[in-house]
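Below you'll find the structure, written out as structure tokens, and then a few comments.
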Amino acid sequence: MRNGLLRRNSFWLVCSLVLFLISAVGASLVQTNAGSVTVKDLKWETSSGRMLNALLFKPATATAENTAPAIVVSHGWWNNREMQDANYVELARRGYVVISIDMYGHGNSDDLPNDELAVGGTGMYDAVKLIADLPYVDTDRIGVTGHSNGARAANFSVAIDNEAETPLISAVVLVDNDPVYTNADNDNAYFNLYGDRDVAVVQAEYDEFFFRSYSPEGVALTAPRDYITTPNAQSFLHFGENPADITDERSADEIYTEDIDGTEAMRAIYPQSQTHPWST
């Protein structure tokens with residue numbers, strides 16, 4: 001009986017090891033697109049004076065002679081860089097250079113003091129500066145995107161980029177967090193934070209945290225499912241115009257363009273019938 005038990009245990013051990021090996025090889029083939037994407041684990045001290053941890057994905061098609069567009073992606077609060085795996089694998093497979101960060105205060109990146117939430121775009125803008133220095137990246141085509149507070153990191157990064165001598169960000173996708181609608185430095189007047197960048201919002205219609213309008217007393221006036229009809233959403237789709245001056249209502253799932261300082265910029269909102277965590 002003892003020998004039979006040992007044989008059965010050995011059989012299941014071998015099966016487990018074989019399944020482990022198949023899974024590891026399969027995951028590697030998917031993540032590297034059958035070897036055509038190089039994956040590097042990065043950790044560096046940024047210009048913000050903090051250590052940032054990230055994964056870098058470089059398609060074989062991205063070279064100094066054939067530079068590729070690049071995207072920095074970010075998870076939401078209390079998560080880490082692997083939460084963007086479905087996105088960075090697919091983007092790299094399509095030829096984008098991708099950096100997926102551990103935001104400051106997350107994963108293996110340095111801690112983030114509560115009074116410095118926006119530092120380095122919570123790490124995203126520090127990653128933008130790194131990716132812009134790579135010889136195989138087209139610096140005219142760098143985008144940022146994140147889910148939830150990763151989208152807030154994108155908003156932080158755009159604000160920093162606006163002050164840069166040479167802006168680096170050309171496109172933004174905010175997933176399950178509001179765009180910036182008003183200027184706190186100008187009596188909260190509606191404005192266009194994003195300038196001539198292309199910007200889209202992916203919006204959960206049953207979001208637990210965002211896409212509500214509030215009264216001055218802090219009372220919620222609208223539900224996320226009604227977001228597209230709100231003054232905030234309409235101002236965003238009208239490139240920062242004051243809602244009181246808007247005469248046409250714009251729709252979801254449409255791309256709107258406008259000439260901003262000689263550049264055609266795009267805006268779009270894509271509502272999804274889902275909850276906040278689903279959008280990752």
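To be explicit about the labels: the chains of the structure tokens are called A, B, and onward in the order shown, and within each one the residues are counted from 1, while ligands get numbers from 1 in the order they are shown.
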List every residue of range 70-172 of chain A that has an atom at most 9 Å from any atom of range 178-190 of chain A, and for each one report the closest atom pair and its distance in Å to one decimal, counting only C-alpha atoms, with rows sorted by chain and then by increasing residue number, as CSV.
```
residue,atom,partner,partner_atom,distance
A:Ser148,CA,A:Asp178,CA,8.8
A:Ala151,CA,A:Asp178,CA,8.1
A:Arg152,CA,A:Asp178,CA,8.0
A:Asn155,CA,A:Val180,CA,7.1
```
Excluding range 193-200 of chain A and any residue of its chain fewer than 3 positions from it, enumerate the residues within 7 Å of it, using only C-alpha atoms, and give them as a compact mmCIF listing (two decimals) with N, CA and C atoms, in the first residue's frame.
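Output (out04.txt):
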```txt
# COMPACT_ATOMS: atom_id res chain seq x y z
N VAL A 158 -0.55 65.50 -17.20
CA VAL A 158 -0.87 66.53 -18.19
C VAL A 158 -0.59 67.92 -17.62
N SER A 170 0.96 63.49 -26.03
CA SER A 170 0.11 63.89 -27.15
C SER A 170 -1.28 63.27 -27.11
N ALA A 171 -1.48 62.26 -26.25
CA ALA A 171 -2.79 61.60 -26.20
C ALA A 171 -3.03 61.06 -24.80
N VAL A 172 -4.31 61.05 -24.39
CA VAL A 172 -4.69 60.62 -23.04
C VAL A 172 -5.97 59.79 -23.13
N VAL A 173 -6.00 58.66 -22.42
CA VAL A 173 -7.24 57.91 -22.24
C VAL A 173 -7.46 57.75 -20.74
N LEU A 174 -8.54 58.35 -20.25
CA LEU A 174 -8.89 58.28 -18.83
C LEU A 174 -9.94 57.19 -18.65
N VAL A 180 -10.40 66.73 -15.94
CA VAL A 180 -10.38 68.00 -15.21
C VAL A 180 -11.24 68.98 -16.00
N ILE A 260 -7.06 73.40 -32.35
CA ILE A 260 -6.49 74.06 -31.18
C ILE A 260 -5.08 74.51 -31.53
N THR A 263 -3.59 72.70 -34.45
CA THR A 263 -3.56 71.24 -34.39
C THR A 263 -4.98 70.71 -34.22
N GLU A 264 -5.34 69.69 -34.98
CA GLU A 264 -6.67 69.09 -34.83
C GLU A 264 -6.65 68.16 -33.63
N ALA A 265 -7.46 68.48 -32.61
CA ALA A 265 -7.54 67.68 -31.40
C ALA A 265 -8.87 66.93 -31.36
N MET A 266 -8.88 65.81 -30.65
CA MET A 266 -10.07 64.96 -30.59
C MET A 266 -10.54 64.81 -29.14
N ARG A 267 -11.85 64.65 -28.98
CA ARG A 267 -12.46 64.33 -27.69
C ARG A 267 -13.53 63.27 -27.90
N ALA A 268 -13.65 62.35 -26.95
CA ALA A 268 -14.67 61.30 -27.04
C ALA A 268 -14.95 60.76 -25.64
N ILE A 269 -16.18 60.31 -25.44
CA ILE A 269 -16.58 59.63 -24.21
C ILE A 269 -17.23 58.31 -24.59
```
Selection near range 222-228 of chain A, 7 Å with only C-alpha atoms, sequence-local residues under 2 positions removed, as a PyMOL selection string: chain A and resi 205-207+211-213+220+230+233-234+251-252
### Message
Could you pull out the alpha helix (DSSP H) residues of range 12-253 of chain A, going by DSSP on the backbone, and write them as a PyMOL selection string?
### Response
chain A and resi 12-31+85-93+124-132+149-162+231-237
With C-alpha atoms retained, write the just-selected residues as a compact mmCIF listing (two decimals), in the first residue's frame.
```txt
# COMPACT_ATOMS: atom_id res chain seq x y z
CA TRP A 12 0.45 13.82 -9.42
CA LEU A 13 3.73 15.58 -8.67
CA VAL A 14 4.93 14.97 -12.22
CA CYS A 15 1.57 16.13 -13.63
CA SER A 16 1.74 19.30 -11.53
CA LEU A 17 5.26 20.06 -12.71
CA VAL A 18 4.28 19.48 -16.35
CA LEU A 19 1.26 21.78 -15.99
CA PHE A 20 3.47 24.37 -14.28
CA LEU A 21 5.96 24.24 -17.14
CA ILE A 22 3.25 24.44 -19.83
CA SER A 23 1.63 27.40 -18.04
CA ALA A 24 4.93 29.25 -17.67
CA VAL A 25 5.88 28.72 -21.32
CA GLY A 26 2.37 29.65 -22.46
CA ALA A 27 2.34 32.84 -20.38
CA SER A 28 5.75 33.81 -21.74
CA LEU A 29 4.64 33.23 -25.33
CA VAL A 30 1.56 35.41 -24.79
CA GLN A 31 3.39 38.20 -22.97
CA ASP A 85 -1.56 43.08 -18.12
CA ALA A 86 -4.45 42.71 -20.57
CA ASN A 87 -3.68 46.19 -21.92
CA TYR A 88 0.12 46.19 -22.08
CA VAL A 89 0.27 42.77 -23.72
CA GLU A 90 -2.19 43.79 -26.45
CA LEU A 91 -0.65 47.24 -26.99
CA ALA A 92 2.86 45.78 -27.32
CA ARG A 93 1.53 43.14 -29.72
CA MET A 124 3.53 58.44 -14.47
CA TYR A 125 5.18 61.61 -15.74
CA ASP A 126 8.56 60.38 -14.52
CA ALA A 127 7.96 57.31 -16.71
CA VAL A 128 6.97 59.56 -19.62
CA LYS A 129 10.33 61.33 -19.33
CA LEU A 130 12.14 57.99 -19.34
CA ILE A 131 10.28 56.62 -22.35
CA ALA A 132 10.88 59.85 -24.28
CA ASN A 149 -6.46 56.81 -9.67
CA GLY A 150 -4.18 55.81 -12.53
CA ALA A 151 -6.34 58.15 -14.61
CA ARG A 152 -5.83 60.79 -11.95
CA ALA A 153 -2.09 60.22 -12.40
CA ALA A 154 -2.64 60.94 -16.10
CA ASN A 155 -4.36 64.22 -15.17
CA PHE A 156 -1.47 65.10 -12.85
CA SER A 157 0.93 64.30 -15.69
CA VAL A 158 -0.87 66.53 -18.19
CA ALA A 159 -0.74 69.44 -15.73
CA ILE A 160 3.03 68.93 -15.31
CA ASP A 161 3.48 68.54 -19.07
CA ASN A 162 1.71 71.85 -19.63
CA PRO A 231 -22.53 70.14 -17.94
CA ASN A 232 -19.16 68.58 -17.06
CA ALA A 233 -19.30 66.01 -19.83
CA GLN A 234 -20.59 68.52 -22.36
CA SER A 235 -17.85 71.00 -21.49
CA PHE A 236 -15.25 68.26 -21.96
CA LEU A 237 -16.67 67.32 -25.38
```
All strand (DSSP E or B) residues (DSSP, backbone) inside range 37-259 of chain A, as a ChimeraX atom specification
/A:37-45,51-59,68-74,97-102,137-147,171-175,182-183,189-190,198-206,214,220,256-259
Just the residues within 7 Å of range 52-69 of chain A, please, counting only C-alpha atoms, with nothing from its chain fewer than 3 positions along; format it as JSON, numbers by chain. {"A": [36, 37, 38, 39, 40, 41, 42, 43, 44, 45, 46, 81, 92, 95, 96, 97, 98, 99, 100, 101, 102, 104, 108, 109, 110, 123, 135, 136, 137, 138, 141, 142]}
Now that the selection is made, can you save its residues with N, CA and C atoms as a compact mmCIF listing (two decimals), in the first residue's frame?
```
# COMPACT_ATOMS: atom_id res chain seq x y z
N SER A 36 8.46 38.13 -30.02
CA SER A 36 8.68 39.35 -30.81
C SER A 36 8.64 40.62 -29.96
N VAL A 37 8.35 40.48 -28.67
CA VAL A 37 8.34 41.62 -27.75
C VAL A 37 9.31 41.33 -26.60
N THR A 38 10.24 42.24 -26.38
CA THR A 38 11.17 42.11 -25.26
C THR A 38 10.57 42.75 -24.02
N VAL A 39 10.62 42.02 -22.90
CA VAL A 39 10.07 42.52 -21.65
C VAL A 39 11.22 42.73 -20.67
N LYS A 40 11.29 43.93 -20.09
CA LYS A 40 12.34 44.24 -19.12
C LYS A 40 11.71 44.74 -17.83
N ASP A 41 12.30 44.32 -16.71
CA ASP A 41 11.89 44.76 -15.39
C ASP A 41 12.79 45.92 -14.98
N LEU A 42 12.19 47.12 -14.83
CA LEU A 42 12.97 48.33 -14.57
C LEU A 42 12.77 48.83 -13.14
N LYS A 43 13.83 49.39 -12.58
CA LYS A 43 13.73 50.13 -11.34
C LYS A 43 14.82 51.19 -11.38
N TRP A 44 14.42 52.46 -11.32
CA TRP A 44 15.40 53.54 -11.46
C TRP A 44 15.01 54.71 -10.58
N GLU A 45 16.01 55.55 -10.27
CA GLU A 45 15.76 56.77 -9.52
C GLU A 45 15.38 57.85 -10.50
N THR A 46 14.21 58.40 -10.33
CA THR A 46 13.67 59.37 -11.27
C THR A 46 14.14 60.78 -10.92
N ARG A 81 1.50 47.15 -11.03
CA ARG A 81 1.69 47.24 -12.48
C ARG A 81 1.05 46.09 -13.24
N ALA A 92 1.54 46.16 -26.83
CA ALA A 92 2.86 45.78 -27.32
C ALA A 92 2.74 44.89 -28.55
N GLY A 95 2.46 46.86 -31.62
CA GLY A 95 3.60 47.66 -32.05
C GLY A 95 3.93 48.86 -31.20
N TYR A 96 3.22 49.06 -30.08
CA TYR A 96 3.51 50.17 -29.18
C TYR A 96 4.61 49.78 -28.19
N VAL A 97 5.49 50.72 -27.90
CA VAL A 97 6.37 50.58 -26.75
C VAL A 97 5.54 50.94 -25.52
N VAL A 98 5.59 50.10 -24.48
CA VAL A 98 4.73 50.31 -23.32
C VAL A 98 5.54 50.25 -22.04
N ILE A 99 5.24 51.17 -21.12
CA ILE A 99 5.75 51.08 -19.75
C ILE A 99 4.55 51.00 -18.82
N SER A 100 4.54 49.96 -17.99
CA SER A 100 3.49 49.81 -16.98
C SER A 100 4.13 50.04 -15.61
N ILE A 101 3.67 51.06 -14.90
CA ILE A 101 4.34 51.48 -13.67
C ILE A 101 3.66 50.92 -12.42
N ASP A 102 4.45 50.77 -11.37
CA ASP A 102 3.94 50.76 -10.00
C ASP A 102 3.93 52.22 -9.58
N TYR A 104 4.00 55.52 -7.35
CA TYR A 104 4.61 55.75 -6.05
C TYR A 104 3.63 55.35 -4.95
N ASN A 108 6.68 47.89 -5.90
CA ASN A 108 8.08 48.04 -5.49
C ASN A 108 8.61 49.45 -5.70
N SER A 109 7.72 50.42 -5.94
CA SER A 109 8.14 51.81 -6.03
C SER A 109 8.20 52.43 -4.64
N ASP A 110 8.88 53.58 -4.54
CA ASP A 110 9.03 54.24 -3.25
C ASP A 110 7.69 54.72 -2.70
N GLY A 123 4.34 59.27 -10.40
CA GLY A 123 5.25 58.36 -11.08
C GLY A 123 5.03 58.29 -12.58
N PRO A 135 15.74 55.55 -27.66
CA PRO A 135 16.02 55.89 -29.06
C PRO A 135 15.02 55.32 -30.06
N TYR A 136 14.24 54.34 -29.65
CA TYR A 136 13.30 53.69 -30.57
C TYR A 136 11.87 54.19 -30.37
N VAL A 137 11.70 55.30 -29.64
CA VAL A 137 10.37 55.86 -29.39
C VAL A 137 10.18 57.14 -30.20
N ASP A 138 9.01 57.26 -30.83
CA ASP A 138 8.61 58.47 -31.54
C ASP A 138 8.10 59.47 -30.50
N ARG A 141 4.58 60.96 -30.45
CA ARG A 141 3.43 60.09 -30.26
C ARG A 141 3.57 59.32 -28.95
N ILE A 142 3.47 60.05 -27.84
CA ILE A 142 3.52 59.44 -26.52
C ILE A 142 2.16 59.65 -25.85
```
(Q) Could you list, as a ChimeraX atom specification, every residue within 12 Å of Glu116 in chain A, counting only C-alpha atoms and ignoring same-chain residues fewer than 4 positions away? (A) /A:48,104-105,111-112,120-123,156
**Asked** In Å, with one decimal, what is the gap from CA of Ser74 in chain A to CA of His238 in chain A?
**Response**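 Interatomic distance here is 26.7 Å.
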Distance criterion (only C-alpha atoms): nearest to Asn79 in chain A out of A:Ile255, A:Pro277, A:Glu208, A:Asp261
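Closest residue, counting only C-alpha atoms: A:Pro277.
The nearest approach to Glu241 in chain A among the residues A:Phe210, A:Glu258, A:Asp176, A:Ala204, with only C-alpha atoms taken into account, belongs to A:Glu258.
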Subject >> Coordinates-based distance that separates CA of Trp77 in chain A from CA of His106 in chain A (Å, one decimal) >> reply: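 Interatomic distance, CA of His106 in chain A to CA of Trp77 in chain A: 8.0 Å.
The smallest atom-to-atom distance between His276 in chain A and any of A:Thr247, A:Asn242, A:Gln203, A:Thr257, using only C-alpha atoms, is found for A:Gln203.
Between CA of Asn177 in chain A and CA of Gly146 in chain A lies a distance of 9.0 Å.
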